[in-house]
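A.B. asks: Supplied in structure tokens, the structure appears directly below.
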Amino acid sequence: MVTATRPATQRAKTASTLPLPFGIGLLLGGSVAIFSAGVGFIMDSTGSGPQWGSLAVGVFAIALGLVFTRFRYRGRILPAVAMSMLVASWLGLSIAGLLAFIVSGEFAGAGDALFETVSATTTTGFTTVSDPQLLPPTVRMLRVGLQWVTGLGVLAAGMGLLPAAVSGVELAPRRPLERSKRIVTSLGSAMRNIVALYLLLTTSLIVGYWIAGMSLFDAISYGFSTASTGGMANHANSIGHFDSAWIEYLATAGMIAAGGNLVVVWWAFRGAISPVWKSTELRLYLSLIALGTAIVWIRGAGLSIGDAAFATSSMLSTTGFRAANWGASNGLVHAVLLVGAGIGAMSGSVGSGFRLARVARIALEVRRSLRALLHPYRVEVIRMDGYAVDEDSLRETYGYLWIHLITLTALVAFVNAGGFDVIGTLSLSLSVLSNVGIALNGDRIDNVVLLGGWSQLVAAAGMVLGRMSIYPVLITASGFVRWLARFQPRRAAGSAR
Amino acid sequence: MSVIERLRERPRVHTGFAAPSRRVPSTVAHISGLALAVVSPGLALSGVIEIITGGDGAWPLMISAALFATVGSIAWFGTRLGDVSARVVFASVAWSWLLVSVLGALPFVFARTFQQEGLNRWVEVGDAIFESVSGYTCTGSTVLTKLPDVGDSNPEIGRGVLFYRQLTQWYGGMGFVQLVITVLPTLGTKAMGFMGAEAPGPTTDRLAPRAADTAKILWIVYAGVSLITALGYWIAGMSLFDGVNHAFSTAATGGFSTYNDSIGEFDSVAIEVVAIFAMVVGGSNFALHWLALRDPVVHFRDHEFRCYILMLIGASTAITLMLVAGDEVGGFGESLRAGVFNAVSLGTSTGFGNAQGAGSTGDFVLWAASPLVILLILMSVGGMSGSTAGGVKVIRVRVLLGLGQRLVFRARSPRAVLPLKLGGDVVTERVINHVSVFIMAYLALVVGGLFAVTALGGELEESISAVIGSLGNMGPAFGDGGPTATFQDAFPAPARLVLAALMLIGRLEIFAVLLMFAAPYRSLAAVVPRRRVG
């Protein structure tokens with residue numbers, strides 16, 4: 001066993017921290033593959049579909065995952081390493097998913113299979129399949145299953161499984177949870193509560209969809225897809241296929257809940273309404289949904305208030321379901337919904353995007369700076385949820401804004417989307433980085449994007465960056481190439497002397 | 001005691017050895033008055049040209065010149081410098097700009113330049129204001145549909161009016177407040193503050209011990225660049241009048257032309273090459289041009305200039321290759337011509353077009369999305385600080401990239417001390433903060449402006465490019481507001497006024513405009529009788 005002395009941990013850190021999360025990823029991916037195969041066996045009576053391949057991949061991934069999880073690391077975990085662990089677990093999950101997709105034989109090439117896998121394991125919802133109903137049930141379940149498991153992983157990583165990973169990245173708001181509202185006291189109970197909440201949300205959605213008229217298979221698929229803000233659908237017209245107001249309302253409620261901070265949902269569920277209402281981010285979230293719905297309803301071309309609420313929550317929660325087509329509406333509706341997609345969901349939720357907490361902080365900072373112009377000697381503390389926000393953490397938020405902006409610009413420049421106009425390219429890039437899964441193509445909105453080889457890879461990379469909040473991917477990449485070796489603090493101190 | 005008496009009683013700020021006077025101390029009125037006065041000779045000159053060329057717009061120009069001179073002189077002589085704290089300095093600059101650019105519409109209004117069959121009079125006035133603001137802020141977006149073609153013997157608009165339209169950009173390029181500083185001896189040490197409030201970019205270069213001398217040097221360099229550009233155009237084949245007019249527009253990176261199809265009207269590679277060089281010079285720091293007189297390679301020692309040139313070369317190459325690959329405009333030669341010209345035109349925030357009519361090779365609105373996206377990025381970045389260009393500025397974007405890099409390093413080594421270095425110089429945390437806040441506010445304005453313009457009836461593609469273009473003082477937009485069209489086709493009248501406001505906010509780099517309402521209010525509040533406690 002490695003002792004917790006500093007030199008020992010530093011020696012051991014790169015060698016042995018990554019197998020465990022990689023193995024966990026493989027285990028999760030393998031479970032999804034086996035579950036999908038099971039669904040395939042039940043639904044496909046001929047027994048000759050891709051379920052056998054999926055089963056084989058599942059068994060292989062689980063076996064491999066069990067081997068990897070034997071490598072335990074017991075030293076101190078530095079934040080940067082924790083971020084790499086996050087990436088490793090995602091890689092494990094994606095590799096298992098990719099194998100299952102390739103083995104199914106339903107995709108034209110490895111590029112399409114990779115795009116589909118990444119879209120699923122980043123809860124994005126873009127697809128290369130124009131009519132998913134033609135896919136075998138196993139593959140359809142695999143797509144939504146991977147999304148659901150990713151959602152679980154995102155929550156676990158954000159809430160406490162990798163607490164070090166969130167330092168500076170603000171996956172979860174620390175503050176409102178610190179005092180009386182803390183959801184957990186230990187890692188084990190955190191996981192338990194998170195899984196319980198996520199399961200509860202998913203189950204309620206499945207039951208709701210079933211009662212509202214979906215088949216059980218569809219209800220499970222859409223339940224998974226809604227709870228994870230993934231947006232993969234079993235039908236070419238997404239939720240619009242059912243043409244049912246109740247299903248739309250249910251999906252709207254589900255998307256709003258999934259895009260909300262799960263801790264807030266937890267406390268609201270426990271009846272602590274007044275402390276929950278103090279959350280700046282929650283108020284912003286609900287106000288934006290209300291405002292967006294109102295604008296889309298008033299200015300949208302022939303959209304009902306239900307359609308407006310659906311479109312707004314689908315974009316803001318970064319789910320990417322489609323019901324009515326808002327692509328034929330005017331510029332304001334497009335602007336509101338695309339900006340909503342860029343902002344994204346609440347922090348600590350399954351949703352992705354820039355996150356409302358960061359938007360709130362930046363708005364408060366701009367207000368403070370403007371006030372400082374008038375009162376140069378004024379000292380003002382930015383408060384959120386009634387607590388002062390730490391200045392270092394504020395600076396990290398601005399830093400994240402820059403990295404997000406730079407990434408978005410690079411995506412816009414490099415996603416050479418054939419068949420899209422300028423707005424289409426902008427919306428596609430925004431949607432890729434926020435993991436929404438809807439692109440505005442002329443006067444249509446679409447989940448299906450058929451990109452060329454190079455652009456497909458760029459889009460896939462964009463989805464990964466967006467899902468991981470960029471930092472972990474960059475840090476992992478930089479760790480690999482040892483590019484940062486000369487910026488080690490030790491050497492900086494030496495040269496200063 | 002009346003308010004005027006109270007104003008006179010206020011403590012005097014000693015900014016020189018001027019004798020005590022009974023003038024009302026008001027920095028805002030003093031600077032704005034002088035700014036109006038320095039613009040009036042330009043108006044008078046335009047009037048003279050109109051008289052010589054036999055146009056019918058002479059009296060509107062002359063009356064406007066007289067009005068500018070009278071109002072400016074009254075405001076100047078009737079007041080003296082008062083409070084010169086930073087916020088009042090910013091407010092003075094912003095008010096000068098608002099007054100000059102809005103009152104600058106008077107000649108257009110008097111001459112009925114925007115008169116059209118069935119057009120509401122108020123919309124006509126709004127269009128005149130839009131054109132004037134677009135000119136003074138060096139944006140170059142136009143709503144003028146009556147521009148002549150080359151060789152038009154009977155143009156609808158007089159040459160004097162066209163000359164004034166071009167001159168607005170020249171005044172705005174280096175900034176008329178900077179021009180005011182050169183003639184105002186009493187500012188003393190505060191002059192640098194005024195220059196900083198007007199000059200683009202986060203920092204201001206000092207070229208001489210006295211700020212007034214720095215301002216003089218910059219204006220001399222600017223005039224020199226304009227003169228050389230005019231000669232270049234003349235040699236390349238323009239008439240002298242066209243050459244001077246387009247030189248005003250090029251050196252100021254404005255983008256107005258006296259012809260319908262802008263530079264494309266001439267269909268001359270030589271003229272386009274001159275324009276490209278002049279635009280690159282106009283979009284780079286003018287202090288460097290002065291220093292280059294002693295050190296010819298000083299430009300390439302400057303980190304920002306290197307980034308700027310790399311950006312332009314990279315974007316030109318990328319666009320050319322995309323045009324060739326997509327077979328958008330013909331062969332390699334045509335692609336190179338269209339790609340380089342438009343990349344430089346938008347990368348320097350000029351906004352000239354080289355399209356010979358709608359649908360020709362240079363009409364970029366017809367290109368595929370990929371080169372347009374590069375143009376949109378160029379429009380957001382803009383030129384160098386200390387230049388006449390708009391946009392976020394290369395230096396700010398470079399600081400941003402450096403910050404992004406630093407954040408990744410910091411996540412790996414949380415306690416590392418990582419100063420941000422650009423070309424060997426450390427960027428101070430104060431500048432970094434300033435840049436951060438600026439870009440946040442810029443982003444907020446883009447989103448807010450986008451909502452406002454689309455709510456007033458703009459389409460998304462036109463609106464997003466026009467909002468970014470107006471804030472960055474570029475000129476053309478995409479879609480119906482492209483280089484061969486006008487904003488009259490693309491946006492409803494109220495949306496055009498929002499865009500004009502964005503141009504002004506963008507030219508003054510946001511904060512000055514925000515302070516212009518707060519600072520005078522606070523000055524007034526200081527003299528309005530108050531109830532004393534106790």
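Chains: A, B, ... in order of the structure tokens. Residues: from 1 per chain. Ligands: from 1, in order shown.
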If we count only C-alpha atoms, what is near A:Val379 at a cut-off of 12 Å, once residues fewer than 6 positions away on the same chain are taken out, given as a PDB file with all heavy atoms, in the first residue's frame?
C.D. replies:
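So around_35.pdb came out as:
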ATOM      1  N   ARG A 368     -21.189  45.522 -11.233  1.00  0.00           N
ATOM      2  CA  ARG A 368     -20.248  46.059 -10.254  1.00  0.00           C
ATOM      3  C   ARG A 368     -19.210  46.954 -10.931  1.00  0.00           C
ATOM      4  O   ARG A 368     -18.859  48.017 -10.423  1.00  0.00           O
ATOM      5  CB  ARG A 368     -19.556  44.903  -9.532  1.00  0.00           C
ATOM      6  CG  ARG A 368     -18.479  45.368  -8.590  1.00  0.00           C
ATOM      7  CD  ARG A 368     -18.013  44.293  -7.680  1.00  0.00           C
ATOM      8  NE  ARG A 368     -17.136  43.328  -8.346  1.00  0.00           N
ATOM      9  CZ  ARG A 368     -16.395  42.458  -7.684  1.00  0.00           C
ATOM     10  NH1 ARG A 368     -16.450  42.406  -6.362  1.00  0.00           N
ATOM     11  NH2 ARG A 368     -15.634  41.620  -8.330  1.00  0.00           N
ATOM     12  N   SER A 369     -18.714  46.521 -12.095  1.00  0.00           N
ATOM     13  CA  SER A 369     -17.687  47.319 -12.783  1.00  0.00           C
ATOM     14  C   SER A 369     -18.247  48.655 -13.230  1.00  0.00           C
ATOM     15  O   SER A 369     -17.556  49.672 -13.192  1.00  0.00           O
ATOM     16  CB  SER A 369     -17.160  46.576 -13.992  1.00  0.00           C
ATOM     17  OG  SER A 369     -16.745  45.313 -13.630  1.00  0.00           O
ATOM     18  N   ARG A 371     -20.649  50.275 -11.777  1.00  0.00           N
ATOM     19  CA  ARG A 371     -20.772  51.114 -10.576  1.00  0.00           C
ATOM     20  C   ARG A 371     -19.413  51.657 -10.169  1.00  0.00           C
ATOM     21  O   ARG A 371     -19.292  52.784  -9.706  1.00  0.00           O
ATOM     22  CB  ARG A 371     -21.352  50.290  -9.426  1.00  0.00           C
ATOM     23  CG  ARG A 371     -22.829  50.103  -9.544  1.00  0.00           C
ATOM     24  CD  ARG A 371     -23.303  49.432  -8.285  1.00  0.00           C
ATOM     25  NE  ARG A 371     -24.718  49.141  -8.353  1.00  0.00           N
ATOM     26  CZ  ARG A 371     -25.302  48.245  -7.594  1.00  0.00           C
ATOM     27  NH1 ARG A 371     -24.606  47.552  -6.720  1.00  0.00           N
ATOM     28  NH2 ARG A 371     -26.582  48.034  -7.690  1.00  0.00           N
ATOM     29  N   ALA A 372     -18.389  50.818 -10.366  1.00  0.00           N
ATOM     30  CA  ALA A 372     -17.041  51.250  -9.977  1.00  0.00           C
ATOM     31  C   ALA A 372     -16.564  52.423 -10.818  1.00  0.00           C
ATOM     32  O   ALA A 372     -15.720  53.203 -10.383  1.00  0.00           O
ATOM     33  CB  ALA A 372     -16.070  50.087 -10.097  1.00  0.00           C
ATOM     34  N   LEU A 373     -17.094  52.563 -12.028  1.00  0.00           N
ATOM     35  CA  LEU A 373     -16.730  53.718 -12.851  1.00  0.00           C
ATOM     36  C   LEU A 373     -17.196  55.001 -12.182  1.00  0.00           C
ATOM     37  O   LEU A 373     -16.530  56.026 -12.213  1.00  0.00           O
ATOM     38  CB  LEU A 373     -17.397  53.620 -14.221  1.00  0.00           C
ATOM     39  CG  LEU A 373     -16.828  52.651 -15.233  1.00  0.00           C
ATOM     40  CD1 LEU A 373     -17.719  52.602 -16.445  1.00  0.00           C
ATOM     41  CD2 LEU A 373     -15.428  53.070 -15.623  1.00  0.00           C
TER      42      LEU A 373
END
A.B. asks: From stretch 227-443 of chain B, collect each residue whose DSSP state is strand (DSSP E) and return the set as a list in words.
C.D. replies: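 Selecting the strand (DSSP E) positions of stretch 227-443 of chain B gives Leu420, Lys421, Leu422, Asp425, Val426 and Val427 of chain B.
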A.B. asks: Residues at most 9 Å from A:Tyr209, counting only C-alpha atoms, excluding those fewer than 6 positions away in the same chain, as a list in words?
C.D. replies: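 What passes the distance filter is Ser215, Leu216, Asp218, Ala219, Ile220, Tyr222, Gly223, Trp246, Ile247, Leu250 and Ala251 of chain A.
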A.B. asks: Using only C-alpha atoms, find which residues of chain B lie within 6 Å of chain A and jot them down as a list of chain:residue names.
C.D. replies: B:Ala369, B:Ser370, B:Gly404, B:Arg412, B:Ala416, B:Thr454, B:Ala455, B:Glu459, B:Leu460
A.B. asks: Among the residues of stretch 197-390 of chain B, find those DSSP assigns to helix (DSSP H, G or I) from the backbone and print them as number ranges by chain.
C.D. replies: B: 197-198, 211-236, 240-251, 262-265, 269-282, 286-291, 298-301, 303-326, 332-347, 364-366, 369-381
A.B. asks: Would you mind listing what lies within 7 Å of A:Arg322 as a PDB file with C-alpha atoms, in the first residue's frame, with only C-alpha atoms counted and same-chain residues fewer than 6 positions away left out?
C.D. replies:
ATOM      1  CA  ASN A 237     -40.125  13.892 -35.563  1.00  0.00           C
ATOM      2  CA  SER A 238     -38.916  13.511 -31.984  1.00  0.00           C
ATOM      3  CA  ILE A 239     -41.667  14.207 -29.408  1.00  0.00           C
ATOM      4  CA  GLY A 240     -43.698  15.799 -32.202  1.00  0.00           C
TER       5      GLY A 240
END
A.B. asks: May I ask for the distance between atom CA of B:Thr182 and atom CA of B:Ala212, given in Å to one decimal place?
C.D. replies: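 It comes out at 5.0 Å.
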A.B. asks: Fewer than 3 positions away in the same chain doesn't count, so skip those; otherwise give me all residues within 10 Å of B:Trp219, counting only C-alpha atoms, as JSON, numbers by chain.
C.D. replies: {"B": [173, 174, 175, 176, 178, 179, 182, 213, 214, 215, 216, 222, 223, 224, 225, 286]}
A.B. asks: Can you write out the residues you just picked, keeping N, CA and C atoms, as an mmCIF file, in the first residue's frame?
C.D. replies:
data_model
loop_
_atom_site.group_PDB
_atom_site.id
_atom_site.type_symbol
_atom_site.label_atom_id
_atom_site.label_comp_id
_atom_site.auth_asym_id
_atom_site.auth_seq_id
_atom_site.Cartn_x
_atom_site.Cartn_y
_atom_site.Cartn_z
ATOM 1 N N GLY B 173 -12.113 59.409 -37.518
ATOM 2 C CA GLY B 173 -11.056 58.395 -37.503
ATOM 3 C C GLY B 173 -10.076 58.590 -36.374
ATOM 4 N N MET B 174 -9.369 59.699 -36.381
ATOM 5 C CA MET B 174 -8.425 59.940 -35.299
ATOM 6 C C MET B 174 -9.136 60.553 -34.097
ATOM 7 N N GLY B 175 -10.320 61.067 -34.305
ATOM 8 C CA GLY B 175 -11.100 61.603 -33.195
ATOM 9 C C GLY B 175 -10.993 63.104 -33.099
ATOM 10 N N PHE B 176 -12.160 63.787 -33.100
ATOM 11 C CA PHE B 176 -12.069 65.257 -33.058
ATOM 12 C C PHE B 176 -11.727 65.762 -31.676
ATOM 13 N N GLN B 178 -9.357 64.521 -29.962
ATOM 14 C CA GLN B 178 -7.901 64.569 -30.048
ATOM 15 C C GLN B 178 -7.471 65.836 -30.791
ATOM 16 N N LEU B 179 -8.260 66.212 -31.782
ATOM 17 C CA LEU B 179 -7.987 67.438 -32.518
ATOM 18 C C LEU B 179 -8.169 68.648 -31.599
ATOM 19 N N THR B 182 -5.189 69.308 -29.450
ATOM 20 C CA THR B 182 -4.049 69.983 -30.084
ATOM 21 C C THR B 182 -4.194 71.500 -30.059
ATOM 22 N N ASP B 213 1.231 67.501 -27.574
ATOM 23 C CA ASP B 213 2.178 67.207 -28.663
ATOM 24 C C ASP B 213 1.931 65.812 -29.229
ATOM 25 N N THR B 214 1.617 64.868 -28.339
ATOM 26 C CA THR B 214 1.297 63.512 -28.804
ATOM 27 C C THR B 214 0.108 63.561 -29.759
ATOM 28 N N ALA B 215 -0.910 64.309 -29.355
ATOM 29 C CA ALA B 215 -2.099 64.416 -30.199
ATOM 30 C C ALA B 215 -1.740 65.037 -31.542
ATOM 31 N N LYS B 216 -0.870 66.076 -31.489
ATOM 32 C CA LYS B 216 -0.461 66.731 -32.735
ATOM 33 C C LYS B 216 0.256 65.742 -33.649
ATOM 34 N N TYR B 222 -1.606 60.949 -39.265
ATOM 35 C CA TYR B 222 -2.899 60.607 -39.872
ATOM 36 C C TYR B 222 -3.104 61.386 -41.176
ATOM 37 N N ALA B 223 -2.798 62.665 -41.111
ATOM 38 C CA ALA B 223 -2.951 63.485 -42.317
ATOM 39 C C ALA B 223 -1.982 63.015 -43.391
ATOM 40 N N GLY B 224 -0.761 62.641 -42.965
ATOM 41 C CA GLY B 224 0.227 62.151 -43.918
ATOM 42 C C GLY B 224 -0.229 60.871 -44.594
ATOM 43 N N VAL B 225 -0.749 59.943 -43.785
ATOM 44 C CA VAL B 225 -1.242 58.668 -44.343
ATOM 45 C C VAL B 225 -2.364 58.953 -45.334
ATOM 46 N N PHE B 286 -1.167 54.024 -35.064
ATOM 47 C CA PHE B 286 -0.533 55.173 -35.709
ATOM 48 C C PHE B 286 0.735 55.609 -34.990
#
A.B. asks: To one decimal place, how far is atom CA of A:Gly442 from atom CA of A:Met463 in Å?
C.D. replies: 22.4 Å
A.B. asks: To one decimal in Å, tell me the separation between atom CA of B:Gly82 and atom CA of B:Leu98.
C.D. replies: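 Separation of atom CA of B:Gly82 and atom CA of B:Leu98: 20.1 Å.
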A.B. asks: Set the distance at 8 Å and use only C-alpha atoms: which residues neighbour A:Gly340 once local chain neighbours fewer than 2 positions away are removed? I'd like the list as a list in words.
C.D. replies: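 So the residues in contact are Thr312, Met315, Leu316, Val336, Leu337, Leu338, Gly342, Ile343 and Gly344 of chain A.
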A.B. asks: Within 10 Å of stretch 157-164 of chain B, counting only C-alpha atoms, which residues show up once you throw out same-chain ones fewer than 5 positions away? Write them as a PyMOL selection string, please.
C.D. replies: chain B and resi 42-58+60-61+104+107-108+111-114+132+135+146-148+169-170+241-242+244-246+248+256-259
A.B. asks: The selected residues should be written to file as an mmCIF file, in the first residue's frame (atoms: C-alpha atoms).
C.D. replies:
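Just written: again-v3.cif:
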data_model
loop_
_atom_site.group_PDB
_atom_site.id
_atom_site.type_symbol
_atom_site.label_atom_id
_atom_site.label_comp_id
_atom_site.auth_asym_id
_atom_site.auth_seq_id
_atom_site.Cartn_x
_atom_site.Cartn_y
_atom_site.Cartn_z
ATOM 1 C CA GLY B 42 -14.832 71.062 -42.775
ATOM 2 C CA LEU B 43 -18.472 71.890 -43.356
ATOM 3 C CA ALA B 44 -17.531 75.257 -44.828
ATOM 4 C CA LEU B 45 -14.987 73.606 -47.133
ATOM 5 C CA SER B 46 -17.663 71.166 -48.324
ATOM 6 C CA GLY B 47 -19.933 74.137 -48.965
ATOM 7 C CA VAL B 48 -17.236 75.790 -51.057
ATOM 8 C CA ILE B 49 -16.795 72.584 -53.083
ATOM 9 C CA GLU B 50 -20.556 72.422 -53.595
ATOM 10 C CA ILE B 51 -20.538 76.026 -54.850
ATOM 11 C CA ILE B 52 -17.608 75.379 -57.215
ATOM 12 C CA THR B 53 -19.130 72.195 -58.633
ATOM 13 C CA GLY B 54 -22.510 73.855 -59.028
ATOM 14 C CA GLY B 55 -24.512 71.586 -56.740
ATOM 15 C CA ASP B 56 -27.630 72.760 -54.938
ATOM 16 C CA GLY B 57 -26.515 71.709 -51.483
ATOM 17 C CA ALA B 58 -24.316 74.744 -50.813
ATOM 18 C CA PRO B 60 -27.395 73.687 -46.221
ATOM 19 C CA LEU B 61 -23.675 73.107 -45.760
ATOM 20 C CA GLY B 104 -23.730 66.394 -38.142
ATOM 21 C CA PRO B 107 -26.574 69.242 -43.655
ATOM 22 C CA PHE B 108 -28.249 66.018 -44.834
ATOM 23 C CA ALA B 111 -30.263 69.280 -48.239
ATOM 24 C CA ARG B 112 -32.984 66.575 -48.172
ATOM 25 C CA THR B 113 -30.329 64.020 -49.085
ATOM 26 C CA PHE B 114 -32.493 61.116 -47.939
ATOM 27 C CA SER B 132 -23.987 60.944 -39.858
ATOM 28 C CA GLY B 135 -19.764 58.455 -40.790
ATOM 29 C CA LYS B 146 -29.011 57.677 -54.463
ATOM 30 C CA LEU B 147 -25.251 57.368 -54.803
ATOM 31 C CA PRO B 148 -24.009 57.891 -58.358
ATOM 32 C CA GLN B 169 -15.205 59.704 -41.296
ATOM 33 C CA TRP B 170 -11.920 61.518 -41.455
ATOM 34 C CA PHE B 241 -11.650 64.193 -56.167
ATOM 35 C CA ASP B 242 -12.378 60.484 -55.851
ATOM 36 C CA VAL B 244 -9.154 62.373 -51.796
ATOM 37 C CA ASN B 245 -12.639 61.195 -50.871
ATOM 38 C CA HIS B 246 -11.664 57.554 -50.729
ATOM 39 C CA PHE B 248 -10.497 60.008 -46.115
ATOM 40 C CA PHE B 256 -18.134 55.101 -47.161
ATOM 41 C CA SER B 257 -17.639 55.523 -50.871
ATOM 42 C CA THR B 258 -18.944 58.174 -53.191
ATOM 43 C CA TYR B 259 -20.211 55.445 -55.515
#
A.B. asks: Measuring between only C-alpha atoms, which one of A:Ala110, A:Leu99, A:Leu303, A:Val129 shows the shortest distance to A:Gly30?
C.D. replies: A:Leu99
